[in-house]
>>> print(open('input15.cif').read())   # mmCIF, C-alpha atoms
data_final
#
loop_
_atom_site.group_PDB
_atom_site.id
_atom_site.type_symbol
_atom_site.label_atom_id
_atom_site.label_comp_id
_atom_site.auth_asym_id
_atom_site.auth_seq_id
_atom_site.Cartn_x
_atom_site.Cartn_y
_atom_site.Cartn_z
ATOM 1 C CA PRO T 1 0.000 0.000 0.000
ATOM 2 C CA THR T 2 2.819 2.374 0.724
ATOM 3 C CA TYR T 3 4.386 1.813 -2.680
ATOM 4 C CA ARG T 4 0.993 2.202 -4.384
ATOM 5 C CA LEU T 5 0.428 5.464 -2.521
ATOM 6 C CA LEU T 6 3.832 6.775 -3.526
ATOM 7 C CA ILE T 7 3.235 5.779 -7.127
ATOM 8 C CA ALA T 8 -0.165 7.520 -7.097
ATOM 9 C CA LEU T 9 1.371 10.666 -5.645
ATOM 10 C CA VAL T 10 4.154 10.709 -8.205
ATOM 11 C CA LEU T 11 1.671 10.058 -11.006
ATOM 12 C CA ALA T 12 -0.543 12.866 -9.721
ATOM 13 C CA VAL T 13 2.372 15.301 -9.601
ATOM 14 C CA VAL T 14 3.437 14.316 -13.096
ATOM 15 C CA LEU T 15 -0.092 14.728 -14.451
ATOM 16 C CA MET T 16 -0.450 18.138 -12.804
ATOM 17 C CA ALA T 17 2.859 19.275 -14.213
ATOM 18 C CA LEU T 18 1.949 18.041 -17.663
ATOM 19 C CA ASP T 19 -1.490 19.688 -17.391
ATOM 20 C CA GLN T 20 0.052 22.993 -16.493
ATOM 21 C CA ARG T 21 2.801 22.994 -19.114
ATOM 22 C CA THR T 22 1.450 20.924 -22.023
ATOM 23 C CA LYS T 23 -1.838 20.008 -23.702
ATOM 24 C CA TRP T 24 -1.290 16.252 -23.674
ATOM 25 C CA VAL T 25 -3.577 15.694 -20.702
ATOM 26 C CA GLU T 26 -6.600 17.588 -22.089
ATOM 27 C CA PRO T 27 -8.188 14.500 -23.721
ATOM 28 C CA LEU T 28 -7.728 12.578 -20.500
ATOM 29 C CA ARG T 29 -9.190 15.399 -18.418
ATOM 30 C CA TYR T 30 -12.087 15.730 -20.857
ATOM 31 C CA GLY T 31 -12.902 12.022 -20.495
ATOM 32 C CA VAL T 32 -12.565 12.063 -16.748
ATOM 33 C CA GLY T 33 -15.089 14.952 -16.707
ATOM 34 C CA TYR T 34 -17.808 12.507 -17.747
ATOM 35 C CA LEU T 35 -16.983 10.324 -14.754
ATOM 36 C CA THR T 36 -16.865 13.162 -12.217
ATOM 37 C CA ALA T 37 -20.011 14.992 -13.461
ATOM 38 C CA PRO T 38 -22.454 12.807 -11.450
ATOM 39 C CA VAL T 39 -20.355 13.355 -8.352
ATOM 40 C CA HIS T 40 -20.496 17.127 -8.798
ATOM 41 C CA TYR T 41 -24.253 16.915 -9.485
ATOM 42 C CA LEU T 42 -24.876 14.913 -6.315
ATOM 43 C CA ALA T 43 -22.668 17.251 -4.304
ATOM 44 C CA HIS T 44 -24.579 20.317 -5.473
ATOM 45 C CA LEU T 45 -28.020 18.677 -5.355
ATOM 46 C CA PRO T 46 -28.954 19.828 -1.798
ATOM 47 C CA VAL T 47 -27.935 23.419 -2.505
ATOM 48 C CA ASP T 48 -29.684 23.498 -5.881
ATOM 49 C CA SER T 49 -32.843 21.969 -4.390
ATOM 50 C CA ALA T 50 -32.919 24.558 -1.633
ATOM 51 C CA ARG T 51 -32.494 27.362 -4.150
ATOM 52 C CA TRP T 52 -35.220 25.908 -6.405
ATOM 53 C CA LEU T 53 -37.674 25.621 -3.531
ATOM 54 C CA GLY T 54 -36.862 29.188 -2.469
ATOM 55 C CA ARG T 55 -37.444 30.513 -5.983
ATOM 56 C CA LEU T 56 -40.666 28.516 -6.239
ATOM 57 C CA SER T 57 -41.984 29.943 -2.982
ATOM 58 C CA GLU T 58 -40.911 33.446 -3.963
ATOM 59 C CA THR T 59 -42.473 33.086 -7.403
ATOM 60 C CA ARG T 60 -45.762 31.895 -5.900
ATOM 61 C CA SER T 61 -45.766 34.801 -3.453
ATOM 62 C CA ASN T 62 -44.984 37.255 -6.251
ATOM 63 C CA LEU T 63 -47.735 35.766 -8.375
ATOM 64 C CA MET T 64 -50.263 36.135 -5.559
ATOM 65 C CA GLU T 65 -49.211 39.738 -4.967
ATOM 66 C CA SER T 66 -49.369 40.457 -8.685
ATOM 67 C CA ARG T 67 -52.813 38.870 -8.883
ATOM 68 C CA GLU T 68 -54.110 40.927 -5.969
ATOM 69 C CA ARG T 69 -52.608 44.077 -7.477
ATOM 70 C CA LEU T 70 -54.147 43.331 -10.865
ATOM 71 C CA GLU T 71 -57.527 42.610 -9.283
ATOM 72 C CA ARG T 72 -57.407 45.981 -7.527
ATOM 73 C CA GLN T 73 -56.439 47.676 -10.761
ATOM 74 C CA VAL T 74 -59.275 45.929 -12.598
ATOM 75 C CA LEU T 75 -61.785 47.117 -10.004
ATOM 76 C CA ILE T 76 -60.449 50.665 -10.234
ATOM 77 C CA LEU T 77 -60.541 50.589 -14.033
ATOM 78 C CA GLU T 78 -64.066 49.155 -14.042
ATOM 79 C CA GLN T 79 -65.172 51.960 -11.722
ATOM 80 C CA LYS T 80 -63.529 54.500 -14.029
ATOM 81 C CA VAL T 81 -65.179 52.915 -17.059
ATOM 82 C CA GLN T 82 -68.567 53.136 -15.373
ATOM 83 C CA ARG T 83 -67.914 56.762 -14.475
ATOM 84 C CA LEU T 84 -66.833 57.491 -18.042
ATOM 85 C CA ALA T 85 -69.984 55.807 -19.335
ATOM 86 C CA VAL T 86 -72.078 58.011 -17.050
ATOM 87 C CA LEU T 87 -70.198 61.122 -18.152
ATOM 88 C CA GLU T 88 -70.538 60.128 -21.799
ATOM 89 C CA ALA T 89 -74.280 59.584 -21.454
ATOM 90 C CA GLU T 90 -74.611 62.892 -19.603
ATOM 91 C CA ASN T 91 -72.570 64.603 -22.308
ATOM 92 C CA VAL T 92 -74.874 63.171 -24.966
ATOM 93 C CA ARG T 93 -77.922 64.426 -23.080
ATOM 94 C CA LEU T 94 -76.379 67.883 -22.701
ATOM 95 C CA ARG T 95 -75.563 68.021 -26.417
ATOM 96 C CA GLU T 96 -79.140 67.019 -27.207
ATOM 97 C CA LEU T 97 -80.374 69.770 -24.898
ATOM 98 C CA LEU T 98 -78.135 72.322 -26.579
ATOM 99 C CA ASN T 99 -79.351 71.202 -29.995
ATOM 100 C CA SER T 100 -82.924 71.487 -28.762
ATOM 101 C CA SER T 101 -82.342 74.960 -27.369
ATOM 102 C CA ALA T 102 -81.084 76.099 -30.766
ATOM 103 C CA ASP T 103 -84.539 75.354 -32.204
ATOM 104 C CA LEU T 104 -86.344 77.527 -29.644
ATOM 105 C CA ASP T 105 -86.984 81.230 -30.201
ATOM 106 C CA ALA T 106 -86.500 81.991 -26.515
ATOM 107 C CA ASN T 107 -83.875 82.282 -23.829
ATOM 108 C CA VAL T 108 -83.179 78.936 -22.195
ATOM 109 C CA LEU T 109 -81.454 77.849 -19.004
ATOM 110 C CA VAL T 110 -80.026 74.380 -18.352
ATOM 111 C CA ALA T 111 -80.923 72.937 -14.957
ATOM 112 C CA GLU T 112 -80.272 69.646 -13.185
ATOM 113 C CA ILE T 113 -82.938 67.504 -11.547
ATOM 114 C CA ILE T 114 -82.036 67.123 -7.861
ATOM 115 C CA GLY T 115 -85.203 65.623 -6.429
ATOM 116 C CA VAL T 116 -88.490 63.844 -7.113
ATOM 117 C CA ASP T 117 -91.687 64.313 -5.108
ATOM 118 C CA PRO T 118 -92.254 61.069 -3.132
ATOM 119 C CA ASP T 119 -96.014 61.638 -3.016
ATOM 120 C CA PRO T 120 -97.562 59.126 -5.459
ATOM 121 C CA ASN T 121 -100.458 61.533 -6.049
ATOM 122 C CA ARG T 122 -98.136 64.303 -7.249
ATOM 123 C CA GLN T 123 -96.002 64.260 -10.358
ATOM 124 C CA GLU T 124 -93.345 66.852 -9.498
ATOM 125 C CA ILE T 125 -89.592 67.207 -9.658
ATOM 126 C CA VAL T 126 -87.107 69.613 -8.061
ATOM 127 C CA ILE T 127 -84.406 71.390 -10.082
ATOM 128 C CA ASN T 128 -81.293 73.226 -8.913
ATOM 129 C CA LYS T 129 -82.246 76.629 -10.360
ATOM 130 C CA GLY T 130 -84.340 79.211 -8.556
ATOM 131 C CA ALA T 131 -85.312 82.845 -8.447
ATOM 132 C CA GLY T 132 -81.642 83.779 -8.147
ATOM 133 C CA ASP T 133 -81.191 82.381 -11.672
ATOM 134 C CA ASN T 134 -84.204 84.344 -13.019
ATOM 135 C CA VAL T 135 -86.499 81.337 -12.785
ATOM 136 C CA SER T 136 -90.120 82.329 -12.385
ATOM 137 C CA ARG T 137 -93.401 80.569 -11.840
ATOM 138 C CA GLY T 138 -95.023 79.378 -15.039
ATOM 139 C CA GLN T 139 -91.823 78.780 -17.023
ATOM 140 C CA ALA T 140 -91.913 75.875 -19.427
ATOM 141 C CA VAL T 141 -89.543 72.981 -18.762
ATOM 142 C CA LEU T 142 -88.349 70.653 -21.523
ATOM 143 C CA ASP T 143 -85.807 67.978 -22.242
ATOM 144 C CA SER T 144 -84.236 66.932 -25.534
ATOM 145 C CA GLN T 145 -87.305 64.889 -26.518
ATOM 146 C CA GLY T 146 -90.229 67.082 -25.564
ATOM 147 C CA LEU T 147 -92.115 69.025 -22.927
ATOM 148 C CA ILE T 148 -91.772 67.999 -19.290
ATOM 149 C CA GLY T 149 -93.930 70.526 -17.454
ATOM 150 C CA GLN T 150 -93.822 73.994 -15.935
ATOM 151 C CA VAL T 151 -92.423 75.671 -12.839
ATOM 152 C CA VAL T 152 -95.041 75.963 -10.080
ATOM 153 C CA ASP T 153 -92.811 77.251 -7.280
ATOM 154 C CA ALA T 154 -89.533 79.156 -7.644
ATOM 155 C CA GLY T 155 -87.436 79.273 -4.477
ATOM 156 C CA PRO T 156 -84.197 81.194 -4.061
ATOM 157 C CA LEU T 157 -81.961 78.245 -5.028
ATOM 158 C CA SER T 158 -84.304 75.572 -6.336
ATOM 159 C CA SER T 159 -87.695 75.221 -8.000
ATOM 160 C CA ARG T 160 -90.532 72.731 -8.190
ATOM 161 C CA VAL T 161 -91.740 71.603 -11.596
ATOM 162 C CA LEU T 162 -95.201 70.166 -12.198
ATOM 163 C CA LEU T 163 -94.992 67.399 -14.806
ATOM 164 C CA ILE T 164 -97.435 67.180 -17.682
ATOM 165 C CA THR T 165 -98.466 63.743 -16.372
ATOM 166 C CA ASP T 166 -99.851 65.180 -13.118
ATOM 167 C CA ALA T 167 -103.601 64.757 -12.753
ATOM 168 C CA SER T 168 -104.062 68.503 -12.234
ATOM 169 C CA HIS T 169 -102.219 69.489 -15.410
ATOM 170 C CA ALA T 170 -103.821 70.151 -18.788
ATOM 171 C CA MET T 171 -102.638 71.938 -21.917
ATOM 172 C CA SER T 172 -103.644 72.619 -25.499
ATOM 173 C CA VAL T 173 -102.076 70.415 -28.172
ATOM 174 C CA GLN T 174 -102.646 69.677 -31.822
ATOM 175 C CA VAL T 175 -102.045 66.676 -34.032
ATOM 176 C CA ASN T 176 -98.925 67.304 -36.051
ATOM 177 C CA ARG T 177 -100.338 65.365 -38.993
ATOM 178 C CA ASN T 178 -103.479 67.389 -39.604
ATOM 179 C CA GLY T 179 -103.605 70.224 -37.043
ATOM 180 C CA VAL T 180 -106.582 68.928 -35.029
ATOM 181 C CA ARG T 181 -106.556 70.618 -31.621
ATOM 182 C CA ALA T 182 -107.440 69.014 -28.311
ATOM 183 C CA VAL T 183 -106.785 69.260 -24.595
ATOM 184 C CA LEU T 184 -104.128 66.927 -23.198
ATOM 185 C CA ALA T 185 -104.352 66.058 -19.491
ATOM 186 C CA GLY T 186 -102.302 63.968 -17.111
ATOM 187 C CA VAL T 187 -103.625 60.897 -15.337
ATOM 188 C CA GLY T 188 -101.222 60.852 -12.371
ATOM 189 C CA GLN T 189 -98.802 58.297 -13.830
ATOM 190 C CA SER T 190 -95.338 58.922 -15.239
ATOM 191 C CA SER T 191 -96.256 57.550 -18.650
ATOM 192 C CA GLY T 192 -99.989 58.320 -18.758
ATOM 193 C CA LEU T 193 -101.782 61.075 -20.665
ATOM 194 C CA LYS T 194 -105.226 61.378 -22.206
ATOM 195 C CA LEU T 195 -107.052 63.651 -24.620
ATOM 196 C CA LEU T 196 -110.211 65.211 -23.204
ATOM 197 C CA TYR T 197 -113.531 65.586 -24.995
ATOM 198 C CA VAL T 198 -112.334 64.559 -28.429
ATOM 199 C CA PRO T 199 -115.277 63.940 -30.754
ATOM 200 C CA ASP T 200 -115.663 60.368 -31.847
ATOM 201 C CA THR T 201 -115.357 61.495 -35.481
ATOM 202 C CA ALA T 202 -112.050 63.365 -34.997
ATOM 203 C CA ASP T 203 -109.222 62.303 -37.280
ATOM 204 C CA ILE T 204 -106.762 61.082 -34.648
ATOM 205 C CA GLN T 205 -104.869 57.854 -35.126
ATOM 206 C CA GLU T 206 -102.541 55.714 -33.069
ATOM 207 C CA GLY T 207 -98.975 56.925 -33.430
ATOM 208 C CA ASP T 208 -99.913 60.564 -34.142
ATOM 209 C CA LEU T 209 -97.521 63.114 -32.699
ATOM 210 C CA LEU T 210 -99.080 65.758 -30.465
ATOM 211 C CA VAL T 211 -97.303 69.128 -30.378
ATOM 212 C CA SER T 212 -97.874 72.255 -28.326
ATOM 213 C CA THR T 213 -100.065 74.972 -29.812
ATOM 214 C CA GLY T 214 -98.503 77.896 -27.970
ATOM 215 C CA LEU T 215 -101.899 79.019 -26.647
ATOM 216 C CA GLY T 216 -101.515 80.706 -23.269
ATOM 217 C CA GLN T 217 -97.932 81.704 -24.085
ATOM 218 C CA LEU T 218 -96.575 79.270 -21.484
ATOM 219 C CA TYR T 219 -95.208 76.572 -23.771
ATOM 220 C CA PRO T 220 -93.303 77.153 -26.997
ATOM 221 C CA ARG T 221 -95.363 76.401 -30.063
ATOM 222 C CA GLY T 222 -94.748 73.299 -32.122
ATOM 223 C CA TYR T 223 -92.712 71.409 -29.544
ATOM 224 C CA PRO T 224 -93.338 67.629 -29.162
ATOM 225 C CA VAL T 225 -95.487 66.735 -26.188
ATOM 226 C CA ALA T 226 -96.793 63.188 -26.603
ATOM 227 C CA SER T 227 -97.612 60.444 -29.040
ATOM 228 C CA VAL T 228 -100.980 58.703 -29.268
ATOM 229 C CA THR T 229 -100.823 55.133 -28.003
ATOM 230 C CA SER T 230 -104.461 54.026 -28.345
ATOM 231 C CA VAL T 231 -107.747 55.260 -29.808
ATOM 232 C CA ASN T 232 -110.958 53.565 -28.640
ATOM 233 C CA HIS T 233 -114.336 54.303 -30.165
ATOM 234 C CA GLN T 234 -117.299 53.144 -28.099
ATOM 235 C CA ALA T 235 -120.750 52.948 -29.552
ATOM 236 C CA GLY T 236 -123.250 55.379 -28.055
ATOM 237 C CA THR T 237 -120.651 57.793 -26.642
ATOM 238 C CA PRO T 238 -119.945 61.162 -28.274
ATOM 239 C CA PHE T 239 -116.277 61.215 -27.297
ATOM 240 C CA ALA T 240 -113.418 58.856 -28.097
ATOM 241 C CA HIS T 241 -111.098 57.486 -25.422
ATOM 242 C CA ILE T 242 -107.591 58.435 -26.530
ATOM 243 C CA ALA T 243 -104.444 57.657 -24.513
ATOM 244 C CA ALA T 244 -101.004 59.084 -25.129
ATOM 245 C CA ARG T 245 -97.449 58.752 -23.868
ATOM 246 C CA PRO T 246 -95.066 61.683 -23.267
ATOM 247 C CA THR T 247 -92.237 62.056 -25.749
ATOM 248 C CA ALA T 248 -89.997 63.405 -22.961
ATOM 249 C CA GLN T 249 -88.111 60.912 -20.822
ATOM 250 C CA LEU T 250 -89.737 61.903 -17.559
ATOM 251 C CA ASP T 251 -88.336 59.009 -15.558
ATOM 252 C CA ARG T 252 -84.801 59.135 -16.996
ATOM 253 C CA ALA T 253 -83.978 62.786 -17.645
ATOM 254 C CA SER T 254 -81.220 64.280 -15.488
ATOM 255 C CA HIS T 255 -80.995 67.756 -17.075
ATOM 256 C CA VAL T 256 -83.777 69.985 -18.373
ATOM 257 C CA LEU T 257 -84.256 73.288 -20.181
ATOM 258 C CA LEU T 258 -86.192 76.182 -18.735
ATOM 259 C CA VAL T 259 -87.760 78.403 -21.382
ATOM 260 C CA GLN T 260 -88.591 82.018 -20.705
ATOM 261 C CA PRO T 261 -92.217 82.714 -21.692
ATOM 262 C CA THR T 262 -92.511 84.826 -24.824
ATOM 263 C CA GLN T 263 -95.200 86.892 -23.138
ATOM 264 C CA THR T 264 -96.565 87.034 -19.618
ATOM 265 C CA PRO T 265 -100.117 85.691 -19.727
ATOM 266 C CA VAL T 266 -102.863 88.023 -18.585
ATOM 267 C CA ARG T 267 -104.532 86.652 -15.460
ATOM 268 C CA ALA T 268 -108.228 87.221 -14.961
ATOM 269 C CA PRO T 269 -108.931 89.302 -11.811
ATOM 270 C CA THR T 270 -110.499 87.605 -8.858
ATOM 271 C CA PRO T 271 -113.900 88.784 -7.594
ATOM 272 C CA ALA T 272 -112.234 90.460 -4.582
ATOM 273 C CA GLU T 273 -109.840 92.370 -6.874
ATOM 274 C CA ALA T 274 -112.737 93.417 -9.093
ATOM 275 C CA ASP T 275 -114.624 94.804 -6.080
ATOM 276 C CA ASN T 276 -111.534 96.727 -4.968
ATOM 277 C CA ASP T 277 -111.137 98.254 -8.426
ATOM 278 C CA GLN T 278 -114.762 99.390 -8.311
#
>>> encode(input="input15.cif", output="structure tokens")
Amino acid sequence: PTYRLLIALVLAVVLMALDQRTKWVEPLRYGVGYLTAPVHYLAHLPVDSARWLGRLSETRSNLMESRERLERQVLILEQKVQRLAVLEAENVRLRELLNSSADLDANVLVAEIIGVDPDPNRQEIVINKGAGDNVSRGQAVLDSQGLIGQVVDAGPLSSRVLLITDASHAMSVQVNRNGVRAVLAGVGQSSGLKLLYVPDTADIQEGDLLVSTGLGQLYPRGYPVASVTSVNHQAGTPFAHIAARPTAQLDRASHVLLVQPTQTPVRAPTPAEADNDQ
């Protein structure tokens, strides 16, 4: 064993010297590399496994954080998209209002609806313009599709608007197709209107557009008010039962136009005022 050890040491020194000074040992070293590769792999296996498990855990943690961050960003972007959709729809409505105001021969004021009367027997809304904005009682209120109603109470900062669908409201309209005039009244529902005392022989058909006549100087003339939804003729009755639906989007409008009356209507004096004048 001693001789073998000495021979191995001498051989090792010779091989190292040859490896350092010549290239004769490169093929031998290249071949021995195949034999020592598994040993190096096994020696580094624990360290490599620990590093792989660490990277795997870190990657999973990073993925979870990235997922949570992306989910938050998606929620924020969805909220922004919804807000942009609301702003776009509001912008479209405002452009429609501006286009509608260009067709009116009167001064108009854009107002926003800020409240709705909760009383089911009253069809009223509240707008954010009042006497401080030169809003007065009796002003006509419209949206981009048609008439909505008129101001019945003008406060300093807000006003109440009586809708054309209120049971106490009535106005003069005419059929756009042939000019037949009639009185349009509300029935107390957001989509309900009816024509009063229309002769059974009147030329009014389903789908006819009813426009304002301008009588009373409260509403602009020729503005859409409603469309006829049904015409019922009953035998033995002198008047036809005619229902209509407002052209204005009463339950969806967010902005309205206030139209200054072209002329202040003359109010008939009360009996007490007549006695005082005498």
>>> residues_around(input="input15.cif", residues="Gly138 of chain T", least_positions_apart="3", cutoff="8 Å", atoms="only C-alpha atoms", output="list in words")
Gln150, Val151, Val152, Leu218 and Pro261 of chain T
>>> closest_atom_pairs(input="input15.cif", of="segment 190-251 of chain T", to="segment 163-178 of chain T", cutoff="7 Å", atoms="only C-alpha atoms", output="tab-separated table")
residue	atom	partner	partner_atom	distance
T:Ser190	CA	T:Thr165	CA	5.9
T:Ser191	CA	T:Thr165	CA	7.0
T:Gly192	CA	T:Thr165	CA	6.1
T:Leu193	CA	T:Thr165	CA	6.0
T:Asp208	CA	T:Val175	CA	6.5
T:Leu209	CA	T:Asn176	CA	5.5
T:Leu210	CA	T:Val175	CA	4.7
T:Val211	CA	T:Val173	CA	5.4
T:Ser212	CA	T:Val173	CA	4.6
T:Thr213	CA	T:Val173	CA	5.2
T:Leu215	CA	T:Ser172	CA	6.7
>>> atom_distance(input="input15.cif", atom1="atom CA of Gly207 of chain T", atom2="atom CA of Val141 of chain T")
23.7 Å
>>> atom_distance(input="input15.cif", atom1="atom CA of Leu18 of chain T", atom2="atom CA of Pro38 of chain T")
25.7 Å
>>> atom_distance(input="input15.cif", atom1="atom CA of His255 of chain T", atom2="atom CA of Pro120 of chain T")
22.0 Å
>>> closest_residue(input="input15.cif", among="T:Ala111, T:Ile148, T:Ala154, T:Leu184", to="Ala248 of chain T", atoms="all atoms listed in the file")
T:Ile148
>>> closest_residue(input="input15.cif", among="T:Thr201, T:Gln189, T:Thr229, T:Ser158", to="Leu250 of chain T", atoms="all atoms listed in the file")
T:Gln189
>>> residues_around(input="input15.cif", residues="Ala202 of chain T", least_positions_apart="2", cutoff="10 Å", atoms="only C-alpha atoms", output="ChimeraX atom specification")
/T:180-182,198-200,204-205,239-240
>>> residues_around(input="input15.cif", residues="Gly214 of chain T", least_positions_apart="5", cutoff="9 Å", atoms="all atoms listed in the file", output="number ranges by chain")
T: 172-173, 219-223
>>> resolve_selection(input="input15.cif", expression="the PyMOL selection byres ((chain T and resi 132) around 10)", output="PyMOL selection string")
chain T and resi 129-131+133-136+154-158
>>> closest_residue(input="input15.cif", among="T:Gln139, T:Ser66, T:Asn128, T:Gly149", to="Glu112 of chain T", atoms="only C-alpha atoms")
T:Asn128
>>> closest_residue(input="input15.cif", among="T:Asp143, T:Glu26, T:Asp153, T:Asp19", to="Arg95 of chain T", atoms="all atoms listed in the file")
T:Asp143
>>> axis_aligned_box(input="input15.cif", around="segment 145-158 of chain T", padding_each_side="8 Å", output="lines of an AutoDock Vina configuration file")
center_x = -88.5
center_y = 73.0
center_z = -15.3
size_x = 29.1
size_y = 32.3
size_z = 38.5
>>> resolve_selection(input="input15.cif", expression="the PyMOL selection byres ((chain T and resi 253) around 12)", output="PDB file with C-alpha atoms, in the coordinates of the input")
ATOM      1  CA  ALA T  89     -74.280  59.584 -21.454  1.00  0.00           C
ATOM      2  CA  GLU T  90     -74.611  62.892 -19.603  1.00  0.00           C
ATOM      3  CA  VAL T  92     -74.874  63.171 -24.966  1.00  0.00           C
ATOM      4  CA  ARG T  93     -77.922  64.426 -23.080  1.00  0.00           C
ATOM      5  CA  LEU T  94     -76.379  67.883 -22.701  1.00  0.00           C
ATOM      6  CA  GLU T  96     -79.140  67.019 -27.207  1.00  0.00           C
ATOM      7  CA  LEU T  97     -80.374  69.770 -24.898  1.00  0.00           C
ATOM      8  CA  ALA T 111     -80.923  72.937 -14.957  1.00  0.00           C
ATOM      9  CA  GLU T 112     -80.272  69.646 -13.185  1.00  0.00           C
ATOM     10  CA  ILE T 113     -82.938  67.504 -11.547  1.00  0.00           C
ATOM     11  CA  ILE T 114     -82.036  67.123  -7.861  1.00  0.00           C
ATOM     12  CA  GLY T 115     -85.203  65.623  -6.429  1.00  0.00           C
ATOM     13  CA  VAL T 116     -88.490  63.844  -7.113  1.00  0.00           C
ATOM     14  CA  ILE T 125     -89.592  67.207  -9.658  1.00  0.00           C
ATOM     15  CA  ILE T 127     -84.406  71.390 -10.082  1.00  0.00           C
ATOM     16  CA  VAL T 141     -89.543  72.981 -18.762  1.00  0.00           C
ATOM     17  CA  LEU T 142     -88.349  70.653 -21.523  1.00  0.00           C
ATOM     18  CA  ASP T 143     -85.807  67.978 -22.242  1.00  0.00           C
ATOM     19  CA  SER T 144     -84.236  66.932 -25.534  1.00  0.00           C
ATOM     20  CA  GLN T 145     -87.305  64.889 -26.518  1.00  0.00           C
ATOM     21  CA  GLY T 146     -90.229  67.082 -25.564  1.00  0.00           C
ATOM     22  CA  LEU T 147     -92.115  69.025 -22.927  1.00  0.00           C
ATOM     23  CA  ILE T 148     -91.772  67.999 -19.290  1.00  0.00           C
ATOM     24  CA  THR T 247     -92.237  62.056 -25.749  1.00  0.00           C
ATOM     25  CA  ALA T 248     -89.997  63.405 -22.961  1.00  0.00           C
ATOM     26  CA  GLN T 249     -88.111  60.912 -20.822  1.00  0.00           C
ATOM     27  CA  LEU T 250     -89.737  61.903 -17.559  1.00  0.00           C
ATOM     28  CA  ASP T 251     -88.336  59.009 -15.558  1.00  0.00           C
ATOM     29  CA  ARG T 252     -84.801  59.135 -16.996  1.00  0.00           C
ATOM     30  CA  SER T 254     -81.220  64.280 -15.488  1.00  0.00           C
ATOM     31  CA  HIS T 255     -80.995  67.756 -17.075  1.00  0.00           C
ATOM     32  CA  VAL T 256     -83.777  69.985 -18.373  1.00  0.00           C
ATOM     33  CA  LEU T 257     -84.256  73.288 -20.181  1.00  0.00           C
TER      34      LEU T 257
END
